[in-house]
$ cat upload.txt   # compact mmCIF, C-alpha atoms
# COMPACT_ATOMS: atom_id res chain seq x y z
CA MET R 18 74.16 -133.38 118.40
CA GLY R 19 76.57 -136.08 119.57
CA ARG R 20 77.63 -134.30 122.78
CA LYS R 21 77.54 -137.44 124.94
CA TRP R 22 79.85 -139.27 122.51
CA PHE R 23 82.23 -136.29 122.34
CA ASP R 24 82.43 -135.96 126.13
CA ALA R 25 82.90 -139.69 126.75
CA HIS R 26 85.51 -140.72 124.16
CA ASP R 27 88.95 -139.40 123.28
CA SER R 28 88.66 -140.96 119.83
CA VAL R 29 85.49 -138.98 119.06
CA ARG R 30 87.14 -135.73 120.12
CA ALA R 31 90.12 -136.57 117.92
CA ARG R 32 87.89 -137.14 114.86
CA PHE R 33 86.03 -133.88 115.49
CA GLN R 34 89.35 -132.02 115.66
CA GLU R 35 90.74 -133.71 112.55
CA ALA R 36 87.60 -132.81 110.61
CA SER R 37 87.66 -129.24 111.92
CA ASP R 38 91.22 -128.80 110.67
CA LEU R 39 90.14 -130.07 107.25
CA VAL R 40 87.00 -127.97 106.78
CA GLY R 41 88.25 -124.76 108.43
CA TYR R 42 85.64 -124.40 111.17
CA SER R 43 84.89 -126.09 114.51
CA VAL R 44 82.61 -129.07 114.01
CA ALA R 45 82.19 -129.27 117.80
CA ASP R 46 81.00 -125.65 118.04
CA LEU R 47 78.65 -126.27 115.13
CA CYS R 48 77.12 -129.35 116.78
CA PHE R 49 76.97 -128.10 120.38
CA THR R 50 76.61 -124.31 120.50
CA ALA R 51 75.54 -122.99 117.08
CA GLN R 52 71.96 -122.09 116.29
CA PRO R 53 69.99 -125.05 114.89
CA SER R 54 69.55 -123.09 111.66
CA GLU R 55 73.34 -123.23 111.16
CA LEU R 56 73.71 -126.94 111.90
CA THR R 57 70.85 -127.88 109.61
CA LYS R 58 72.28 -126.07 106.60
CA THR R 59 73.07 -128.76 104.05
CA MET R 60 76.74 -127.74 103.87
CA HIS R 61 77.12 -128.11 107.65
CA ALA R 62 74.73 -130.98 108.35
CA GLN R 63 76.45 -133.35 105.94
CA VAL R 64 79.93 -132.86 107.37
CA SER R 65 78.66 -133.10 110.95
CA LEU R 66 76.68 -136.28 110.30
CA LEU R 67 79.63 -137.97 108.61
CA VAL R 68 82.05 -137.06 111.42
CA LEU R 69 79.75 -138.10 114.24
CA SER R 70 78.55 -141.33 112.60
CA TYR R 71 82.04 -142.51 111.72
CA ALA R 72 83.34 -141.63 115.19
CA MET R 73 80.50 -143.64 116.73
CA TYR R 74 81.34 -146.59 114.48
CA GLU R 75 84.91 -146.51 115.80
CA VAL R 76 83.63 -146.49 119.39
CA LEU R 77 81.59 -149.61 118.63
CA HIS R 78 84.85 -151.37 117.71
CA GLN R 79 87.07 -150.01 120.49
CA GLU R 80 86.58 -152.75 123.07
CA ARG R 81 85.57 -155.53 120.71
CA GLU R 82 85.86 -156.31 117.00
CA ALA R 83 82.22 -156.33 116.03
CA PRO R 84 81.53 -159.12 113.50
CA VAL R 85 80.11 -156.86 110.78
CA SER R 86 78.89 -158.72 107.68
CA PHE R 87 77.50 -155.80 105.65
CA VAL R 88 77.40 -152.01 105.81
CA THR R 89 75.17 -149.55 104.02
CA GLY R 90 73.83 -146.04 104.35
CA HIS R 91 70.92 -143.90 103.29
CA SER R 92 72.18 -141.19 100.92
CA LEU R 93 75.02 -139.41 102.77
CA GLY R 94 75.30 -142.41 105.09
CA GLU R 95 76.65 -144.48 102.21
CA ILE R 96 79.88 -142.46 102.33
CA THR R 97 80.18 -143.20 106.05
CA ALA R 98 79.60 -146.88 105.28
CA LEU R 99 82.30 -146.83 102.59
CA THR R 100 84.71 -145.21 105.05
CA ALA R 101 83.90 -147.82 107.70
CA ALA R 102 84.63 -150.55 105.13
CA GLY R 103 88.02 -149.05 104.25
CA ALA R 104 87.04 -147.91 100.75
CA LEU R 105 88.38 -144.41 101.44
CA SER R 106 90.16 -142.61 104.26
CA PHE R 107 88.36 -140.53 106.87
CA ALA R 108 90.17 -137.39 105.68
CA ASP R 109 89.14 -137.98 102.08
CA ALA R 110 85.56 -138.65 103.19
CA VAL R 111 85.45 -135.32 105.03
CA ARG R 112 86.84 -133.44 102.03
CA LEU R 113 84.40 -135.17 99.69
CA VAL R 114 81.37 -134.52 101.88
CA LYS R 115 82.35 -130.87 102.34
CA VAL R 116 82.20 -130.41 98.57
CA ARG R 117 79.00 -132.48 98.36
CA GLY R 118 77.19 -130.42 100.98
CA GLU R 119 78.30 -127.07 99.62
CA ALA R 120 77.38 -127.96 96.03
CA MET R 121 73.98 -129.30 97.04
CA GLU R 122 73.23 -126.23 99.17
CA VAL R 123 73.99 -123.83 96.34
CA CYS R 124 71.93 -125.90 93.92
CA ALA R 125 68.97 -126.16 96.31
CA ARG R 126 69.06 -122.45 97.13
CA GLU R 127 68.68 -121.57 93.47
CA SER R 128 66.09 -124.18 92.51
CA GLY R 129 62.91 -123.27 94.40
CA THR R 130 62.22 -126.93 95.04
CA GLY R 131 61.32 -129.25 97.89
CA MET R 132 60.22 -132.75 98.85
CA ILE R 133 57.11 -134.52 100.12
CA ALA R 134 56.61 -138.02 101.53
CA ALA R 135 53.81 -140.22 100.25
CA LEU R 136 52.67 -142.43 103.14
CA ARG R 137 50.41 -145.46 103.50
CA MET R 138 50.47 -146.07 99.76
CA PRO R 139 52.41 -148.85 97.99
CA ALA R 140 55.48 -147.65 96.10
CA GLU R 141 54.20 -149.05 92.81
CA ALA R 142 51.01 -147.01 93.21
CA VAL R 143 53.04 -143.87 93.86
CA ASP R 144 55.07 -144.57 90.70
CA LYS R 145 51.82 -144.84 88.75
CA HIS R 146 50.36 -141.62 90.18
CA VAL R 147 53.59 -139.72 89.53
CA ALA R 148 53.48 -140.81 85.89
CA GLU R 149 49.82 -139.71 85.67
CA PHE R 150 50.59 -136.32 87.17
CA ASN R 151 53.62 -135.73 84.93
CA ALA R 152 51.58 -136.63 81.85
CA ASP R 153 49.84 -133.26 82.28
CA GLY R 154 53.10 -131.37 81.83
CA HIS R 155 54.43 -131.44 85.40
CA ASN R 156 57.81 -132.68 86.61
CA VAL R 157 57.95 -134.47 89.94
CA GLN R 158 60.37 -137.31 90.59
CA ILE R 159 60.79 -140.17 93.05
CA SER R 160 63.78 -139.41 95.30
CA ASN R 161 63.61 -142.08 98.01
CA TYR R 162 62.10 -145.55 98.03
CA ASN R 163 62.24 -145.82 101.82
CA THR R 164 59.75 -148.59 102.53
CA ASP R 165 56.90 -150.26 100.70
CA THR R 166 54.58 -147.55 102.03
CA GLN R 167 56.90 -144.53 102.32
CA THR R 168 58.08 -142.88 99.13
CA VAL R 169 59.67 -139.43 98.86
CA ILE R 170 58.92 -137.19 95.88
CA SER R 171 60.83 -134.12 94.67
CA GLY R 172 59.77 -131.18 92.53
CA THR R 173 59.09 -127.46 92.40
CA VAL R 174 57.00 -126.05 95.22
CA ASP R 175 54.00 -125.54 92.91
CA ASP R 176 54.22 -129.02 91.41
CA LEU R 177 54.47 -130.58 94.85
CA LYS R 178 51.31 -128.81 95.93
CA GLY R 179 49.55 -130.27 92.90
CA MET R 180 51.04 -133.72 93.52
CA THR R 181 49.90 -133.60 97.14
CA ALA R 182 46.31 -133.01 96.05
CA HIS R 183 46.64 -135.70 93.36
CA LEU R 184 47.73 -138.31 95.93
CA GLU R 185 45.23 -137.31 98.60
CA GLU R 186 42.38 -137.57 96.12
CA ARG R 187 43.48 -141.17 95.58
CA GLY R 188 43.57 -142.10 99.26
CA GLY R 189 47.19 -141.31 100.05
CA LYS R 190 48.56 -139.44 103.03
CA VAL R 191 51.20 -136.80 102.31
CA ALA R 192 53.72 -135.08 104.58
CA LYS R 193 55.74 -132.03 103.58
CA LEU R 194 59.43 -132.50 104.43
CA ASN R 195 61.52 -129.77 106.03
CA VAL R 196 64.41 -129.94 103.57
CA ALA R 197 66.29 -127.35 101.57
CA GLY R 198 65.63 -128.70 98.10
CA ALA R 199 64.82 -131.56 95.74
CA PHE R 200 67.61 -133.95 96.65
CA HIS R 201 68.21 -137.15 94.66
CA SER R 202 66.52 -135.84 91.53
CA THR R 203 67.59 -134.13 88.33
CA PHE R 204 66.99 -130.82 90.11
CA MET R 205 70.41 -131.47 91.70
CA ALA R 206 72.19 -131.59 88.33
CA GLY R 207 73.90 -128.28 89.06
CA ALA R 208 75.73 -129.86 92.02
CA VAL R 209 77.11 -132.76 89.99
CA PRO R 210 80.17 -131.17 88.29
CA ALA R 211 81.82 -130.03 91.53
CA TYR R 212 80.98 -133.31 93.24
CA THR R 213 82.29 -135.55 90.46
CA GLU R 214 85.50 -133.51 90.37
CA ALA R 215 85.91 -134.15 94.10
CA ILE R 216 85.18 -137.88 93.61
CA ALA R 217 87.88 -138.09 90.91
CA ALA R 218 90.42 -136.66 93.38
CA VAL R 219 89.80 -139.39 95.97
CA GLU R 220 91.66 -142.70 96.04
CA PHE R 221 89.06 -145.42 96.50
CA HIS R 222 89.81 -149.04 97.44
CA GLU R 223 87.80 -152.21 97.27
CA PRO R 224 85.84 -152.46 100.55
CA ARG R 225 86.94 -154.96 103.19
CA ILE R 226 83.30 -155.91 103.71
CA PRO R 227 80.34 -155.61 101.31
CA VAL R 228 78.87 -152.11 101.05
CA TYR R 229 75.41 -151.79 99.55
CA SER R 230 74.90 -148.94 97.08
CA SER R 231 71.92 -146.64 97.54
CA VAL R 232 71.87 -146.14 93.75
CA THR R 233 71.63 -149.80 92.72
CA GLY R 234 70.46 -151.51 95.89
CA ARG R 235 73.31 -154.00 95.36
CA PRO R 236 76.85 -154.33 96.78
CA HIS R 237 79.59 -152.26 95.20
CA GLU R 238 81.83 -154.56 93.13
CA SER R 239 84.98 -152.47 92.62
CA ALA R 240 86.69 -149.19 93.43
CA GLN R 241 85.74 -147.82 90.03
CA GLY R 242 82.19 -149.00 90.53
CA ILE R 243 82.03 -146.96 93.74
CA LYS R 244 83.12 -143.84 91.87
CA ASP R 245 80.61 -144.46 89.10
CA ALA R 246 77.73 -144.94 91.55
CA LEU R 247 78.61 -141.93 93.69
CA ALA R 248 78.82 -139.75 90.56
CA VAL R 249 75.11 -140.33 89.86
CA GLN R 250 73.95 -140.53 93.47
CA LEU R 251 72.84 -136.89 93.71
CA THR R 252 70.40 -137.23 90.81
CA SER R 253 69.28 -140.84 91.40
CA PRO R 254 66.64 -142.12 93.83
CA VAL R 255 67.77 -143.77 97.06
CA ARG R 256 66.73 -147.44 96.84
CA TRP R 257 66.66 -148.07 100.56
CA SER R 258 63.75 -150.51 100.42
CA ASP R 259 65.70 -152.65 97.92
CA ILE R 260 68.71 -152.75 100.26
CA VAL R 261 66.58 -153.74 103.24
CA ALA R 262 64.84 -156.44 101.22
CA GLU R 263 68.17 -157.85 99.99
CA LEU R 264 69.71 -157.96 103.47
CA SER R 265 66.54 -159.45 104.91
CA ALA R 266 66.76 -162.20 102.30
CA ARG R 267 70.30 -162.84 103.51
CA LYS R 268 68.89 -163.49 107.01
CA VAL R 269 70.63 -160.58 108.72
CA GLY R 270 69.79 -161.07 112.39
CA LEU R 271 71.11 -157.83 113.90
CA TRP R 272 70.76 -154.36 112.41
CA VAL R 273 72.55 -151.49 114.14
CA GLU R 274 71.95 -147.87 113.17
CA VAL R 275 75.14 -145.88 113.71
CA GLY R 276 74.46 -142.16 113.83
CA PRO R 277 72.32 -139.66 115.72
CA LYS R 278 68.86 -140.73 116.86
CA GLN R 279 66.98 -143.60 115.19
CA VAL R 280 65.48 -142.56 111.87
CA LEU R 281 66.70 -145.65 110.02
CA LYS R 282 65.78 -147.96 112.87
CA LYS R 283 62.17 -146.88 112.52
CA MET R 284 62.20 -147.57 108.79
CA VAL R 285 63.88 -150.97 109.14
CA SER R 286 62.03 -152.29 112.19
CA GLY R 287 58.70 -151.80 110.47
CA VAL R 288 59.79 -154.07 107.62
CA VAL R 289 62.09 -156.86 108.81
CA THR R 290 60.93 -159.78 110.91
CA GLY R 291 62.86 -162.18 113.11
CA ALA R 292 65.74 -159.74 113.64
CA ASP R 293 66.90 -157.25 116.26
CA VAL R 294 66.99 -153.62 115.08
CA LEU R 295 68.85 -151.25 117.41
CA SER R 296 70.08 -147.67 117.51
CA LEU R 297 73.61 -147.16 118.84
CA ASP R 298 72.78 -143.57 119.83
CA GLU R 299 69.64 -144.46 121.77
CA GLU R 300 70.44 -148.02 122.93
CA ALA R 301 74.22 -148.28 123.30
CA ASP R 302 74.07 -150.85 126.12
CA LYS R 303 71.72 -153.10 124.13
CA VAL R 304 73.96 -152.82 121.06
CA HIS R 305 77.10 -153.75 122.98
CA ALA R 306 75.31 -156.70 124.61
CA ALA R 307 74.01 -157.91 121.24
CA VAL R 308 77.47 -157.63 119.67
CA ASP R 309 79.01 -159.53 122.58
CA ARG R 310 76.47 -162.33 122.10
CA LEU R 311 77.38 -162.52 118.43
CA ILE R 312 81.08 -162.71 119.22
CA GLU R 313 80.50 -165.54 121.70
CA ALA R 314 78.27 -167.38 119.25
CA LYS R 315 80.90 -167.13 116.53
CA LYS R 316 83.51 -168.59 118.87
CA ARG R 317 81.38 -171.72 119.10
CA GLU R 318 80.89 -172.01 115.36
CA PRO R 319 83.14 -174.15 113.17
CA GLY R 320 85.84 -172.19 111.38
CA LEU R 321 86.28 -171.77 107.65
CA VAL R 322 87.96 -175.15 107.20
CA GLY R 323 85.30 -176.94 109.23
CA LEU R 324 82.58 -175.32 107.13
CA CYS R 325 84.42 -176.33 103.96
CA MET R 326 84.56 -179.93 105.19
CA GLY R 327 80.85 -179.84 105.99
CA ALA R 328 80.01 -178.44 102.56
CA ALA R 329 82.22 -181.02 100.86
CA ALA R 330 80.46 -183.86 102.66
CA ALA R 331 76.97 -182.43 102.15
CA THR R 332 77.09 -181.87 98.40
CA ARG R 333 75.54 -184.54 96.22
CA ASN R 334 77.93 -186.65 94.12
CA ARG R 335 77.18 -186.88 90.40
CA ASN R 336 80.54 -188.41 89.38
CA PHE R 337 80.85 -192.21 89.56
CA ASP R 338 84.31 -192.52 88.06
CA ASP R 339 86.34 -194.11 90.89
CA ASP R 340 89.70 -192.71 89.79
CA GLU R 341 88.36 -189.16 89.37
CA TYR R 342 86.59 -189.41 92.71
CA ALA R 343 89.76 -190.55 94.48
CA ALA R 344 91.85 -187.74 92.97
CA GLY R 345 89.26 -184.96 93.09
CA VAL R 346 87.32 -185.74 96.26
CA VAL R 347 89.14 -188.13 98.61
CA ALA R 348 92.61 -186.56 98.33
CA PRO R 349 91.41 -182.92 98.67
CA TYR R 350 89.21 -183.88 101.62
CA ARG R 351 92.23 -185.40 103.42
CA ARG R 352 94.09 -182.14 102.84
CA LEU R 353 91.15 -180.26 104.33
CA GLN R 354 91.35 -182.53 107.37
CA GLU R 355 95.04 -181.64 107.74
CA LEU R 356 94.24 -177.93 107.63
CA GLY R 357 91.46 -178.52 110.14
CA GLN R 358 93.88 -180.19 112.53
CA LEU R 359 96.04 -177.05 112.48
CA GLY R 360 93.05 -175.02 113.62
CA GLU R 361 92.16 -177.55 116.31
CA ALA R 362 95.71 -177.25 117.61
CA GLY R 363 95.15 -173.55 118.17
CA ALA R 364 96.98 -172.25 115.11
CA GLU R 365 95.57 -169.16 113.39
CA LEU R 366 95.17 -169.97 109.73
CA SER R 367 96.67 -167.49 107.29
CA ASP R 368 94.69 -166.03 104.41
CA GLU R 369 96.73 -168.23 102.10
CA GLN R 370 95.70 -171.35 104.02
CA LYS R 371 92.06 -170.24 104.00
CA ARG R 372 92.19 -169.72 100.24
CA ALA R 373 93.77 -173.15 99.91
CA ALA R 374 90.83 -174.63 101.82
CA LEU R 375 88.36 -172.91 99.51
CA ASP R 376 90.31 -174.12 96.46
CA LEU R 377 90.09 -177.67 97.81
CA LEU R 378 86.35 -177.28 98.32
CA PHE R 379 85.93 -176.01 94.76
CA THR R 380 87.92 -179.00 93.49
CA ILE R 381 85.69 -181.40 95.41
CA MET R 382 82.49 -179.75 94.22
CA ARG R 383 83.64 -179.63 90.58
CA THR R 384 84.62 -183.28 90.70
CA LYS R 385 81.26 -184.19 92.18
CA GLY R 386 79.56 -182.33 89.33
CA VAL R 387 78.00 -179.64 91.54
CA PRO R 388 76.43 -176.83 89.42
CA GLU R 389 78.38 -173.58 89.39
CA ASP R 390 75.56 -171.60 91.00
CA GLU R 391 75.48 -174.01 93.93
CA GLN R 392 79.29 -173.87 94.23
CA ARG R 393 79.17 -170.10 94.43
CA ASP R 394 76.31 -170.02 96.92
CA ARG R 395 78.00 -172.48 99.26
CA VAL R 396 81.29 -170.56 99.28
CA LEU R 397 79.54 -167.21 99.73
CA SER R 398 77.66 -168.63 102.69
CA ILE R 399 80.93 -169.81 104.27
CA LEU R 400 82.65 -166.46 103.74
CA ARG R 401 79.75 -164.54 105.27
CA ARG R 402 79.53 -166.85 108.28
CA THR R 403 83.23 -166.54 109.04
CA GLY R 404 83.57 -162.85 108.22
CA ASP R 405 86.21 -163.60 105.56
CA THR R 406 84.47 -161.77 102.73
CA ASP R 407 87.68 -159.84 101.96
CA LEU R 408 89.59 -162.96 100.93
CA HIS R 409 90.90 -162.89 97.36
CA VAL R 410 89.11 -165.95 96.02
CA THR R 411 90.31 -166.55 92.47
CA THR R 412 89.24 -170.07 91.57
CA GLY R 413 85.97 -171.88 91.13
CA ALA R 414 82.69 -170.25 90.09
CA PRO R 415 82.73 -166.42 89.92
CA LEU R 416 81.97 -164.86 93.31
CA HIS R 417 80.34 -161.61 92.17
CA ASP R 418 79.00 -160.80 95.65
CA VAL R 419 82.40 -161.00 97.33
CA PRO R 420 84.89 -158.12 96.99
CA ALA R 421 87.84 -159.39 94.95
$ encode --input "upload.txt" --output "structure tokens"
Amino acid sequence: MGRKWFDAHDSVRARFQEASDLVGYSVADLCFTAQPSELTKTMHAQVSLLVLSYAMYEVLHQEREAPVSFVTGHSLGEITALTAAGALSFADAVRLVKVRGEAMEVCARESGTGMIAALRMPAEAVDKHVAEFNADGHNVQISNYNTDTQTVISGTVDDLKGMTAHLEERGGKVAKLNVAGAFHSTFMAGAVPAYTEAIAAVEFHEPRIPVYSSVTGRPHESAQGIKDALAVQLTSPVRWSDIVAELSARKVGLWVEVGPKQVLKKMVSGVVTGADVLSLDEEADKVHAAVDRLIEAKKREPGLVGLCMGAAAATRNRNFDDDEYAAGVVAPYRRLQELGQLGEAGAELSDEQKRAALDLLFTIMRTKGVPEDEQRDRVLSILRRTGDTDLHVTTGAPLHDVPA
């Protein structure tokens, strides 16, 4: 797993060595020469997937700064996403995942549980059938909402056999999953104490770019919020379909799976429309070409100040007091023009100047009587288009979707 990346890139080899020093065994030997039964142990698979996926993400950025707007991950992948967004260090991520994998393996080994996938049946129907089945004294739980027609269920081996028959009698198709236990369910409660202790020992930061939580299906809003969500991740269902729906609504045009093979690509490409969905592992050349096209397209787009000027001109005026309009619209717009001239002259605007431009836009919109929701939406749109979602925006309507 990951051999071609290891052989081709010094940075990948360096991450493998750093992780090996931290966990006390060779991640490279585990991935390249160990028996598959060793690599697929939960305690080993989680560390290896984190190391390889993060190393691949760094390769994606080596020759170009990819214009990433959002990051997310399915279960374990969320920790990789948080690391890529600067919410925690690579070393802390490795330490955390080592504890996570070991705790989950011990818990799964002792539980006598497993997982099945309900296919070709709407998620709401699966929810209903699970409730029906549990009403007879059973205990199966939804672990993954992967797509509208792919839902993963956890439980004891006996209960899963009964649930399989229950679903098939109602027209569903069921696949048994080759996993060690009932992940993302209350059957993992035994793994929680060790994991939450490890989370408490990590210094988390607010992400540089929005990271979507697999627990809530929404972006993390703070460092403490990340800790809180991760603490319940092991026993909560993965809301992958909610994340995909939210990002689709935001008109994401390029999805790149970073990690081995293309499991997520298959889940996403069957759902989203009008977007490219690529696997870095399987289609590296296509990914690099797509990223290069994005970079070139962004060079042709107006910058943050230009977008602020466009938004200021496009918003409807509801204030017909001439003096207020002159002070709150005309004067701020002239200041925006001055900032825009700096950019046209080739100057790189500082974060302070960008925040000043956003403050001026807020002033204009407030003076014009623009509703707060519309103010927020316009500024969020600008920040996403320019990749400036890490700016500390402190005035105007609350920007809950932008890291503070």
$ closest_residue --input "upload.txt" --among "R:Ile133, R:Leu378, R:Ile216, R:Cys48" --to "R:Gln241" --atoms "all atoms listed in the file"
R:Ile216
$ closest_residue --input "upload.txt" --among "R:Met205, R:Met73, R:Ala344, R:Ala248" --to "R:Ala120" --atoms "all atoms listed in the file"
R:Met205
$ closest_residue --input "upload.txt" --among "R:Ile226, R:Ala31, R:Ile399, R:Met18" --to "R:Ala62" --atoms "all atoms listed in the file"
R:Met18
$ closest_residue --input "upload.txt" --among "R:Leu99, R:Ala72, R:Ala135, R:Lys371" --to "R:Ala192" --atoms "all atoms listed in the file"
R:Ala135
$ residues_around --input "upload.txt" --residues "R:Lys303" --least-positions-apart "6" --cutoff "12 Å" --atoms "only C-alpha atoms" --output "list in words"
Leu77, Leu271, Trp272, Val273, Asp293, Val294, Leu295, Ser296, Leu297, Asp309 and Arg310 of chain R
$ closest_residue --input "upload.txt" --among "R:Gly19, R:Ile243, R:Ala83, R:Leu356" --to "R:Ala307" --atoms "only C-alpha atoms"
R:Ala83
$ closest_residue --input "upload.txt" --among "R:Val174, R:Val111, R:Val288, R:Ala51" --to "R:His155" --atoms "all atoms listed in the file"
R:Val174
$ residues_around --input "upload.txt" --residues "R:Gln250" --least-positions-apart "5" --cutoff "8 Å" --atoms "all atoms listed in the file" --output "list in words"
Ser92, His201, Ser231, Val232 and Val255 of chain R
$ residues_around --input "upload.txt" --residues "R:Ala140" --least-positions-apart "5" --cutoff "9 Å" --atoms "all atoms listed in the file" --output "compact mmCIF listing (two decimals) with C-alpha atoms, keeping the file's coordinate frame"
# COMPACT_ATOMS: atom_id res chain seq x y z
CA ALA R 135 53.81 -140.22 100.25
CA LYS R 145 51.82 -144.84 88.75
CA TYR R 162 62.10 -145.55 98.03
CA THR R 164 59.75 -148.59 102.53
CA ASP R 165 56.90 -150.26 100.70
CA THR R 166 54.58 -147.55 102.03
CA GLN R 167 56.90 -144.53 102.32
CA THR R 168 58.08 -142.88 99.13
$ atom_distance --input "upload.txt" --atom1 "atom CA of R:Ala246" --atom2 "atom CA of R:Pro210"
14.4 Å
$ decode --input "upload.txt" --residues "stretch 313-348 of chain R" --atoms "C-alpha atoms" --output "short mmCIF file (atom, residue, chain, number, x, y, z; two decimals), in the first residue's frame"
data_model
loop_
_atom_site.label_atom_id
_atom_site.label_comp_id
_atom_site.auth_asym_id
_atom_site.auth_seq_id
_atom_site.Cartn_x
_atom_site.Cartn_y
_atom_site.Cartn_z
CA GLU R 313 -5.06 29.47 -13.82
CA ALA R 314 -8.77 30.21 -13.56
CA LYS R 315 -8.29 31.86 -10.19
CA LYS R 316 -5.56 34.08 -11.62
CA ARG R 317 -8.13 35.49 -14.03
CA GLU R 318 -10.73 36.09 -11.35
CA PRO R 319 -11.10 39.43 -9.58
CA GLY R 320 -9.42 39.55 -6.18
CA LEU R 321 -11.07 40.07 -2.82
CA VAL R 322 -11.31 43.84 -3.22
CA GLY R 323 -12.77 43.56 -6.72
CA LEU R 324 -15.38 41.12 -5.45
CA CYS R 325 -16.20 43.47 -2.58
CA MET R 326 -16.70 46.32 -5.06
CA GLY R 327 -18.94 44.12 -7.20
CA ALA R 328 -21.01 43.08 -4.19
CA ALA R 329 -21.29 46.69 -3.01
CA ALA R 330 -22.58 47.80 -6.40
CA ALA R 331 -24.93 44.83 -6.82
CA THR R 332 -26.79 45.06 -3.52
CA ARG R 333 -30.13 46.80 -3.55
CA ASN R 334 -30.34 50.17 -1.78
CA ARG R 335 -33.09 50.59 0.80
CA ASN R 336 -31.75 53.82 2.35
CA PHE R 337 -32.79 57.11 0.71
CA ASP R 338 -31.22 59.47 3.20
CA ASP R 339 -28.68 61.40 1.08
CA ASP R 340 -26.33 62.22 3.96
CA GLU R 341 -26.27 58.63 5.26
CA TYR R 342 -25.75 57.33 1.74
CA ALA R 343 -22.82 59.68 1.14
CA ALA R 344 -21.12 58.72 4.42
CA GLY R 345 -21.97 55.01 4.45
CA VAL R 346 -21.86 54.10 0.76
CA VAL R 347 -20.04 56.66 -1.40
CA ALA R 348 -17.07 57.26 0.93
#
